[in-house]
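For reference, work02.tsv is printed below; it contains TSV, C-alpha atoms (C1' of nucleotides).
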chain	number	residue	atom	x	y	z
A	138	MET	CA	-9.56	-24.16	-1.15
A	139	LYS	CA	-12.41	-25.27	1.09
A	140	PRO	CA	-12.05	-25.78	4.81
A	141	GLY	CA	-11.08	-29.30	5.55
A	142	HIS	CA	-9.08	-29.80	2.39
A	143	PRO	CA	-6.37	-32.16	3.60
A	144	HIS	CA	-3.49	-30.76	1.54
A	145	ALA	CA	-4.42	-27.11	1.72
A	146	THR	CA	-1.41	-25.97	3.67
A	147	GLU	CA	1.29	-27.81	1.78
A	148	ASP	CA	-0.31	-26.96	-1.54
A	149	CYS	CA	-0.43	-23.35	-0.54
A	150	ARG	CA	3.21	-23.53	0.42
A	151	ALA	CA	4.01	-24.95	-3.01
A	152	VAL	CA	2.19	-22.11	-4.67
A	153	SER	CA	3.98	-19.65	-2.48
A	154	GLU	CA	7.28	-21.18	-3.56
A	155	VAL	CA	6.48	-20.88	-7.24
A	156	LEU	CA	5.31	-17.34	-6.68
A	157	GLN	CA	8.50	-16.45	-4.90
A	158	ARG	CA	10.42	-18.05	-7.70
A	159	ILE	CA	8.82	-16.09	-10.54
A	160	GLY	CA	8.06	-13.11	-8.32
A	161	ASP	CA	11.58	-11.76	-8.43
A	162	LYS	CA	12.45	-8.56	-10.18
A	163	TRP	CA	13.17	-9.84	-13.68
A	164	SER	CA	11.90	-13.36	-14.36
A	165	LEU	CA	8.48	-12.38	-15.63
A	166	LEU	CA	9.87	-9.62	-17.83
A	167	VAL	CA	12.29	-12.07	-19.40
A	168	VAL	CA	9.66	-14.78	-19.89
A	169	ARG	CA	7.33	-12.28	-21.44
A	170	ARG	CA	9.97	-11.18	-23.96
A	171	LEU	CA	10.84	-14.72	-24.85
A	172	GLY	CA	7.15	-15.36	-25.38
A	173	ASP	CA	7.51	-13.58	-28.74
A	174	GLY	CA	10.22	-15.99	-29.86
A	175	PRO	CA	13.84	-16.90	-29.14
A	176	LEU	CA	16.35	-14.15	-28.51
A	177	ARG	CA	20.08	-13.81	-28.09
A	178	PHE	CA	21.58	-12.59	-24.85
A	179	ASN	CA	22.11	-8.98	-25.81
A	180	GLU	CA	18.89	-8.76	-27.79
A	181	LEU	CA	17.07	-9.93	-24.71
A	182	ARG	CA	18.94	-7.47	-22.55
A	183	ALA	CA	17.98	-4.58	-24.81
A	184	ALA	CA	14.38	-5.78	-25.06
A	185	VAL	CA	13.91	-6.02	-21.31
A	186	GLY	CA	15.66	-2.76	-20.63
A	187	GLY	CA	17.29	-1.64	-17.42
A	188	ILE	CA	18.65	-5.04	-16.51
A	189	SER	CA	22.33	-5.48	-15.80
A	190	GLN	CA	24.42	-8.17	-17.41
A	191	LYS	CA	24.83	-10.06	-14.19
A	192	MET	CA	21.15	-10.03	-13.31
A	193	LEU	CA	20.19	-11.25	-16.77
A	194	THR	CA	22.72	-14.05	-16.53
A	195	THR	CA	21.49	-15.01	-13.07
A	196	THR	CA	17.83	-14.81	-14.08
A	197	LEU	CA	18.37	-16.90	-17.20
A	198	ARG	CA	20.33	-19.56	-15.28
A	199	THR	CA	17.54	-19.95	-12.76
A	200	LEU	CA	14.88	-20.07	-15.45
A	201	GLU	CA	16.94	-22.68	-17.26
A	202	ARG	CA	17.41	-24.69	-14.10
A	203	ASP	CA	13.68	-24.75	-13.47
A	204	GLY	CA	13.03	-25.85	-17.02
A	205	PHE	CA	11.34	-22.68	-18.27
A	206	VAL	CA	13.91	-21.74	-20.91
A	207	THR	CA	16.47	-23.55	-23.02
A	208	ARG	CA	19.94	-22.26	-23.70
A	209	THR	CA	21.44	-23.09	-27.07
A	210	VAL	CA	25.09	-22.34	-27.66
A	211	PHE	CA	26.40	-21.95	-31.20
A	212	PRO	CA	30.16	-22.54	-30.99
A	213	THR	CA	30.98	-19.73	-33.37
A	214	ILE	CA	33.33	-16.85	-32.92
A	215	PRO	CA	32.10	-14.60	-31.46
A	216	PRO	CA	29.86	-16.95	-29.50
A	217	ARG	CA	26.14	-16.92	-30.06
A	218	VAL	CA	23.63	-18.09	-27.48
A	219	ASP	CA	19.91	-18.35	-28.05
A	220	TYR	CA	17.34	-18.43	-25.29
A	221	GLU	CA	13.92	-19.86	-25.91
A	222	LEU	CA	10.88	-20.76	-23.85
A	223	THR	CA	10.30	-24.45	-23.27
A	224	GLU	CA	6.88	-26.04	-23.39
A	225	LEU	CA	6.74	-25.64	-19.61
A	226	GLY	CA	7.60	-21.98	-19.95
A	227	ARG	CA	4.84	-21.42	-22.48
A	228	GLU	CA	2.35	-23.22	-20.27
A	229	LEU	CA	3.31	-21.04	-17.36
A	230	GLU	CA	2.20	-18.04	-19.34
A	231	VAL	CA	-1.43	-19.13	-19.14
A	232	PRO	CA	-2.06	-18.81	-15.39
A	233	VAL	CA	0.32	-15.87	-15.23
A	234	LYS	CA	-1.77	-14.15	-17.83
A	235	GLY	CA	-4.82	-14.59	-15.61
A	236	LEU	CA	-3.02	-12.99	-12.74
A	237	ALA	CA	-1.72	-10.34	-15.08
A	238	GLU	CA	-5.20	-9.35	-16.13
A	239	TRP	CA	-6.32	-9.19	-12.54
A	240	ALA	CA	-3.30	-7.09	-11.62
A	241	ILE	CA	-3.88	-4.65	-14.45
A	242	ALA	CA	-7.59	-4.41	-13.69
A	243	ASN	CA	-7.07	-3.85	-9.96
A	244	MET	CA	-3.88	-1.85	-9.75
A	245	ALA	CA	-5.86	1.32	-9.22
A	246	ARG	CA	-7.76	-0.20	-6.30
A	247	ILE	CA	-4.51	-1.24	-4.65
A	248	SER	CA	-2.96	2.17	-5.22
A	249	GLU	CA	-5.97	3.87	-3.74
A	250	ALA	CA	-6.00	1.57	-0.73
A	251	ARG	CA	-2.36	2.42	-0.17
A	252	ARG	CA	-3.00	6.12	-0.47
A	253	ARG	CA	-5.85	5.92	2.02
A	254	PHE	CA	-3.82	3.84	4.43
A	255	ASP	CA	-0.78	6.10	4.25
A	256	THR	CA	-2.67	9.35	4.69
A	257	SER	CA	-4.77	8.06	7.59
A	258	ALA	CA	-1.75	6.54	9.28
A	259	ALA	CA	0.24	9.73	8.95
A	260	ALA	CA	-2.49	11.67	10.77
B	244	MET	CA	0.58	-10.30	-24.99
B	245	LYS	CA	1.14	-9.99	-28.70
B	246	PRO	CA	4.16	-8.35	-30.23
B	247	GLY	CA	3.52	-4.72	-30.81
B	248	HIS	CA	1.15	-4.34	-27.89
B	249	PRO	CA	1.87	-0.77	-26.80
B	250	HIS	CA	1.55	-1.29	-23.05
B	251	ALA	CA	3.08	-4.73	-22.86
B	252	THR	CA	6.17	-3.72	-20.94
B	253	GLU	CA	4.55	-1.51	-18.35
B	254	ASP	CA	1.72	-3.96	-17.87
B	255	CYS	CA	4.23	-6.71	-17.38
B	256	ARG	CA	6.03	-4.58	-14.87
B	257	ALA	CA	2.77	-4.05	-13.02
B	258	VAL	CA	2.18	-7.77	-12.89
B	259	SER	CA	5.69	-8.30	-11.71
B	260	GLU	CA	5.08	-5.80	-8.93
B	261	VAL	CA	1.92	-7.54	-7.76
B	262	LEU	CA	3.72	-10.85	-7.92
B	263	GLN	CA	6.57	-9.55	-5.88
B	264	ARG	CA	4.09	-8.17	-3.44
B	265	ILE	CA	2.18	-11.39	-2.81
B	266	GLY	CA	5.20	-13.54	-3.62
B	267	ASP	CA	6.81	-13.04	-0.24
B	268	LYS	CA	7.14	-15.82	2.23
B	269	TRP	CA	3.89	-15.47	4.15
B	270	SER	CA	1.26	-13.36	2.37
B	271	LEU	CA	-0.36	-16.17	0.45
B	272	LEU	CA	-0.44	-18.46	3.46
B	273	VAL	CA	-2.16	-15.77	5.48
B	274	VAL	CA	-4.65	-14.91	2.75
B	275	ARG	CA	-5.46	-18.54	2.30
B	276	ARG	CA	-6.20	-18.95	6.01
B	277	LEU	CA	-8.36	-15.89	6.13
B	278	GLY	CA	-10.25	-17.26	3.15
B	279	ASP	CA	-12.03	-19.57	5.56
B	280	GLY	CA	-13.26	-16.64	7.62
B	281	PRO	CA	-12.00	-13.96	10.02
B	282	LEU	CA	-9.39	-14.88	12.59
B	283	ARG	CA	-7.74	-13.29	15.59
B	284	PHE	CA	-4.03	-12.61	15.62
B	285	ASN	CA	-2.93	-15.64	17.58
B	286	GLU	CA	-5.46	-17.94	15.95
B	287	LEU	CA	-4.02	-16.91	12.61
B	288	ARG	CA	-0.51	-17.40	13.87
B	289	ALA	CA	-1.28	-20.93	15.01
B	290	ALA	CA	-3.16	-21.71	11.79
B	291	VAL	CA	-0.32	-20.59	9.55
B	292	GLY	CA	2.33	-22.26	11.67
B	293	GLY	CA	6.02	-21.42	11.84
B	294	ILE	CA	5.56	-17.69	11.49
B	295	SER	CA	7.03	-15.36	14.08
B	296	GLN	CA	4.99	-12.65	15.71
B	297	LYS	CA	6.90	-9.93	13.97
B	298	MET	CA	6.54	-11.46	10.53
B	299	LEU	CA	2.82	-11.94	10.99
B	300	THR	CA	2.44	-8.34	12.13
B	301	THR	CA	4.45	-7.09	9.17
B	302	THR	CA	2.62	-9.29	6.69
B	303	LEU	CA	-0.78	-8.25	7.99
B	304	ARG	CA	0.13	-4.55	7.91
B	305	THR	CA	1.17	-4.76	4.30
B	306	LEU	CA	-1.92	-6.73	3.35
B	307	GLU	CA	-4.02	-4.15	5.16
B	308	ARG	CA	-2.23	-1.30	3.43
B	309	ASP	CA	-2.89	-2.82	0.01
B	310	GLY	CA	-6.56	-3.28	0.86
B	311	PHE	CA	-6.58	-7.08	1.00
B	312	VAL	CA	-7.51	-7.45	4.68
B	313	THR	CA	-9.29	-5.37	7.29
B	314	ARG	CA	-8.12	-5.03	10.85
B	315	THR	CA	-10.77	-4.64	13.54
B	316	VAL	CA	-9.70	-3.76	17.05
B	317	PHE	CA	-12.00	-4.52	19.97
B	318	PRO	CA	-10.90	-2.25	22.85
B	319	THR	CA	-11.34	-4.94	25.45
B	320	ILE	CA	-8.89	-6.18	28.03
B	321	PRO	CA	-6.97	-8.13	26.94
B	322	PRO	CA	-7.17	-6.62	23.45
B	323	ARG	CA	-8.79	-8.51	20.64
B	324	VAL	CA	-8.02	-7.91	16.97
B	325	ASP	CA	-9.83	-9.57	14.10
B	326	TYR	CA	-8.45	-9.88	10.60
B	327	GLU	CA	-10.71	-10.50	7.65
B	328	LEU	CA	-10.40	-10.56	3.88
B	329	THR	CA	-11.85	-7.62	2.02
B	330	GLU	CA	-13.75	-7.96	-1.21
B	331	LEU	CA	-10.48	-7.21	-3.02
B	332	GLY	CA	-8.77	-9.94	-1.04
B	333	ARG	CA	-11.42	-12.46	-1.96
B	334	GLU	CA	-11.22	-11.47	-5.62
B	335	LEU	CA	-7.48	-11.96	-5.56
B	336	GLU	CA	-8.03	-15.56	-4.63
B	337	VAL	CA	-9.49	-16.31	-8.06
B	338	PRO	CA	-6.42	-15.75	-10.27
B	339	VAL	CA	-4.17	-17.00	-7.51
B	340	LYS	CA	-6.14	-20.19	-7.48
B	341	GLY	CA	-5.42	-20.61	-11.18
B	342	LEU	CA	-1.74	-20.22	-10.58
B	343	ALA	CA	-2.03	-22.50	-7.58
B	344	GLU	CA	-3.47	-25.27	-9.67
B	345	TRP	CA	-0.78	-24.87	-12.26
B	346	ALA	CA	1.89	-24.89	-9.57
B	347	ILE	CA	0.54	-28.03	-7.97
B	348	ALA	CA	0.16	-29.76	-11.32
B	349	ASN	CA	3.67	-28.86	-12.49
B	350	MET	CA	5.74	-28.96	-9.34
B	351	ALA	CA	7.09	-32.34	-10.27
B	352	ARG	CA	8.21	-31.11	-13.67
B	353	ILE	CA	10.07	-28.22	-12.10
B	354	SER	CA	11.69	-30.46	-9.53
B	355	GLU	CA	12.80	-32.86	-12.20
B	356	ALA	CA	14.19	-30.09	-14.36
B	357	ARG	CA	16.19	-28.88	-11.37
B	358	ARG	CA	17.48	-32.33	-10.62
B	359	ARG	CA	18.58	-32.80	-14.22
B	360	PHE	CA	20.20	-29.38	-14.33
B	361	ASP	CA	22.04	-29.87	-11.06
B	362	THR	CA	23.36	-33.32	-11.84
B	363	SER	CA	24.52	-32.40	-15.34
B	364	ALA	CA	26.12	-29.20	-14.07
B	365	ALA	CA	27.90	-31.04	-11.28
B	366	ALA	CA	29.45	-33.45	-13.78
C	24	DA	C1'	1.65	-6.10	47.53
C	25	DA	C1'	4.32	-8.83	44.08
C	26	DA	C1'	4.48	-11.79	40.48
C	27	DC	C1'	2.44	-14.18	36.62
C	28	DT	C1'	-0.75	-14.66	32.45
C	29	DG	C1'	-2.79	-13.50	27.99
C	30	DT	C1'	-3.07	-10.02	24.19
C	31	DG	C1'	-1.15	-7.75	20.36
C	32	DG	C1'	1.97	-5.53	19.52
C	33	DT	C1'	7.14	-2.53	19.04
C	34	DA	C1'	12.35	-2.16	19.07
C	35	DT	C1'	16.64	-3.95	18.24
C	36	DC	C1'	19.97	-6.77	16.45
C	37	DC	C1'	21.76	-10.32	13.25
C	38	DA	C1'	21.99	-13.42	9.10
C	39	DA	C1'	20.75	-14.39	4.49
C	40	DT	C1'	19.42	-12.92	0.11
C	41	DA	C1'	18.82	-9.74	-3.81
C	42	DG	C1'	20.48	-6.43	-6.73
C	43	DA	C1'	23.87	-3.01	-8.65
C	44	DT	C1'	28.44	-1.71	-10.17
C	45	DA	C1'	32.81	-2.38	-11.83
C	46	DC	C1'	36.19	-5.01	-13.80
C	47	DC	C1'	37.94	-9.54	-15.78
C	48	DT	C1'	38.28	-13.44	-19.44
C	49	DA	C1'	38.73	-15.59	-24.52
C	50	DC	C1'	38.60	-15.26	-29.26
C	51	DA	C1'	38.41	-13.52	-33.99
C	52	DC	C1'	38.01	-9.69	-36.97
C	53	DT	C1'	39.39	-5.02	-38.58
D	279	DA	C1'	45.35	-1.99	-30.47
D	280	DG	C1'	40.47	-1.78	-30.31
D	281	DT	C1'	35.64	-3.92	-30.84
D	282	DG	C1'	31.88	-7.22	-30.04
D	283	DT	C1'	30.03	-11.42	-27.79
D	284	DA	C1'	28.75	-13.93	-23.76
D	285	DG	C1'	29.73	-14.32	-20.01
D	286	DG	C1'	32.47	-14.71	-14.79
D	287	DT	C1'	34.04	-12.62	-10.37
D	288	DA	C1'	34.43	-9.48	-6.64
D	289	DT	C1'	32.53	-6.10	-3.93
D	290	DC	C1'	29.15	-3.21	-2.13
D	291	DT	C1'	24.59	-1.96	-0.45
D	292	DA	C1'	19.60	-2.60	0.32
D	293	DT	C1'	16.04	-5.44	1.45
D	294	DT	C1'	14.12	-9.45	3.73
D	295	DG	C1'	13.52	-12.73	7.27
D	296	DG	C1'	14.05	-14.18	11.89
D	297	DA	C1'	15.22	-14.25	16.96
D	298	DT	C1'	14.97	-11.96	21.11
D	299	DA	C1'	13.54	-8.84	24.38
D	300	DC	C1'	10.46	-5.53	25.86
D	301	DC	C1'	5.89	-2.83	26.53
D	302	DA	C1'	0.88	-1.81	28.30
D	303	DC	C1'	-3.00	-3.36	30.43
D	304	DA	C1'	-6.07	-5.90	33.50
D	305	DG	C1'	-7.18	-9.97	35.97
D	306	DT	C1'	-5.55	-13.78	38.69
D	307	DT	C1'	-2.64	-15.96	41.73
D	308	DT	C1'	0.46	-16.15	45.78
Structure rendered as C-alpha cells:
Amino acid sequence: MKPGHPHATEDCRAVSEVLQRIGDKWSLLVVRRLGDGPLRFNELRAAVGGISQKMLTTTLRTLERDGFVTRTVFPTIPPRVDYELTELGRELEVPVKGLAEWAIANMARISEARRRFDTSAAA
Amino acid sequence: MKPGHPHATEDCRAVSEVLQRIGDKWSLLVVRRLGDGPLRFNELRAAVGGISQKMLTTTLRTLERDGFVTRTVFPTIPPRVDYELTELGRELEVPVKGLAEWAIANMARISEARRRFDTSAAA
DNA sequence: AAACTGTGGTATCCAATAGATACCTACACT
DNA sequence: AGTGTAGGTATCTATTGGATACCACAGTTT
C-alpha cells in the first residue's frame, strides 16, 4: 500500500469486489452461523433471523457459487439439504474477524462522527 | 465467535453494517488514494479513474460523515478543497489491508469456484 | 462587453440492482 | 385434506450507480 506499488489500483479494485460480494445484507450473517457447524435450510433461516426464504436461497446460491459453502442434498422425502462452510469459507473468517474486531471497537467513534456531522449540517 | 457468545449476532450485524458501508463501489478506492496523502477533488478524481463527479462527491460526503476523511475548503477563486484521511481513516486501513491480502491471495480460488459452478449448472 | 475556462459542486432523470412479499411446486406422511 | 421441506417464480418497491445539464465565481480571452 505504498506509493509506487505497481498493482495498487487493480489490487484495490479486487478487494473492493470481494468486499461488495460479502458486504451484502446477509452473507456475513449466514457465514457466521455456518461457522458453528453445518445447518439445514430452515435451521439456518431460524438461526439468522429476519431473513426471507428467497433471500436465504439467493444468498446461499451465491456463497456456493463463490466456493464458500457446500450444498449437500439428501434425496429423502421430505428433502433434506445441509449447508456447510468449505475450507475457503473458514479461511475467509480470519480476515473478516480482524475487520469485525475493528468494527466493534470503533462503532462508537463512527456513530459519534455521524451525530456531529448531522447536527452541524442541520444548523 | 464461539457458540453461545451472547453478543455474536448483534456484533455480526455491526460488522455487516461496516462492510456494507465501505463495500460500495468507490469508498475503498478513494480511501486507498488518500492513504498516500491529501488530495484535491479533481486530483482525486483523476487518481481513482472512471468515477463520475457526482459519485465522488457522494462518496466523499459519506466518508466525511462517518469520520474517515476531512474536507478543507480554501475560500479562494477558483475554490480549492482538500480531502485527507483522519486518524480513524488511517486506522481503518489496517484491518482492510488484512482483508485485501486475503482477497488478492484467494481471488483465483473464487474465480475457479465460479467457473466450476457456472459450467456444471449450465450442463 | 461577451464568451470561455477552471473549480467544486447541485439537480434531475434513467437504468440496474437489491430486497421484500406473496404465491406456486412436488412428495410423503397423518 | 392438511402439514412440512426446500425450494421457484412473479411482482413490487427502495436503493444504488451513472449520465447529463446546470450553477457561482473570477480571471482571461476575443
Lay chain A over chain B with a least-squares fit on all the C-alpha atoms, paired in sequence, and tell me the RMSD.
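When all C-alpha atoms are superposed, the deviation is 0.1 Å.
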Closest atom pairs, chain A residues within 12 Å of chain C, only C-alpha atoms (C1' of nucleotides), as JSON lines:
{"residue": "A:Asp161", "atom": "CA", "partner": "C:DA41", "partner_atom": "C1'", "distance": 8.8}
{"residue": "A:Lys162", "atom": "CA", "partner": "C:DG42", "partner_atom": "C1'", "distance": 9.0}
{"residue": "A:Trp163", "atom": "CA", "partner": "C:DG42", "partner_atom": "C1'", "distance": 10.6}
{"residue": "A:Gly187", "atom": "CA", "partner": "C:DA43", "partner_atom": "C1'", "distance": 11.0}
{"residue": "A:Ile188", "atom": "CA", "partner": "C:DA43", "partner_atom": "C1'", "distance": 9.7}
{"residue": "A:Ser189", "atom": "CA", "partner": "C:DA43", "partner_atom": "C1'", "distance": 7.7}
{"residue": "A:Gln190", "atom": "CA", "partner": "C:DA43", "partner_atom": "C1'", "distance": 10.2}
{"residue": "A:Lys191", "atom": "CA", "partner": "C:DA43", "partner_atom": "C1'", "distance": 9.0}
{"residue": "A:Met192", "atom": "CA", "partner": "C:DG42", "partner_atom": "C1'", "distance": 7.5}
{"residue": "A:Leu193", "atom": "CA", "partner": "C:DG42", "partner_atom": "C1'", "distance": 11.1}
{"residue": "A:Thr195", "atom": "CA", "partner": "C:DG42", "partner_atom": "C1'", "distance": 10.7}
{"residue": "A:Thr196", "atom": "CA", "partner": "C:DG42", "partner_atom": "C1'", "distance": 11.5}
{"residue": "A:Pro212", "atom": "CA", "partner": "C:DC50", "partner_atom": "C1'", "distance": 11.3}
{"residue": "A:Thr213", "atom": "CA", "partner": "C:DA51", "partner_atom": "C1'", "distance": 9.7}
{"residue": "A:Ile214", "atom": "CA", "partner": "C:DA51", "partner_atom": "C1'", "distance": 6.2}
{"residue": "A:Pro215", "atom": "CA", "partner": "C:DA51", "partner_atom": "C1'", "distance": 6.9}
{"residue": "A:Pro216", "atom": "CA", "partner": "C:DC50", "partner_atom": "C1'", "distance": 8.9}
Neighbours of chain B in chain D at 12 Å, counting all atoms listed in the file, as a ChimeraX atom specification:
/D:294-298,302-305
Selection: 10 Å around Glu253 (chain B), only C-alpha atoms (C1' of nucleotides), excl. self and same-chain fewer than 6 positions, as a ChimeraX atom specification:
/A:166,241 /B:259
Between B:Val274, B:Ala356, B:Glu344, B:Asp309, which has the minimum distance to Gly226 (chain A) (counting only C-alpha atoms)?
B:Ala356
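Using all atoms listed in the file, the nearest neighbour of chain B within the list A:Leu236, A:Glu230, A:Val206, A:Pro175 is A:Leu236.
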Just the residues within 10 Å of region 253-258 of chain A, please, counting only C-alpha atoms (C1' of nucleotides), with nothing from its chain fewer than 4 positions along; format it as a PyMOL selection string.
(chain A and resi 247-249) or (chain B and resi 304-305+307-310)
Interatomic distance (Å, one decimal) between CA of Asp219 (chain A) and CA of Phe178 (chain A):
6.8 Å
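For the residues A:Arg169, A:Arg182, A:Arg177, A:Arg208, ranking by smallest atom-to-atom distance to chain B using all atoms listed in the file places A:Arg169 first.
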Atomic distance CA of Arg158 (chain A) - CA of Thr194 (chain A), expressed in Å with one decimal:
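Answer for the CA of Arg158 (chain A) to CA of Thr194 (chain A) separation: 15.7 Å.
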Within 10 Å of Ala257 (chain B), counting all atoms listed in the file, which residues show up once you throw out same-chain ones fewer than 6 positions away? Write them as a list of chain:residue names, please.
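In the requested form, the answer reads A:Ala237, A:Ala240, A:Ile241, A:Met244, B:Ala251, B:Gln263.
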Restricting it to C-alpha atoms, dump the selection as a PDB file, in the coordinates of the input.
ATOM      1  CA  ALA A 237      -1.720 -10.340 -15.080  1.00  0.00           C
ATOM      2  CA  ALA A 240      -3.300  -7.090 -11.620  1.00  0.00           C
ATOM      3  CA  ILE A 241      -3.880  -4.650 -14.450  1.00  0.00           C
ATOM      4  CA  MET A 244      -3.880  -1.850  -9.750  1.00  0.00           C
TER       5      MET A 244
ATOM      6  CA  ALA B 251       3.080  -4.730 -22.860  1.00  0.00           C
ATOM      7  CA  GLN B 263       6.570  -9.550  -5.880  1.00  0.00           C
TER       8      GLN B 263
END
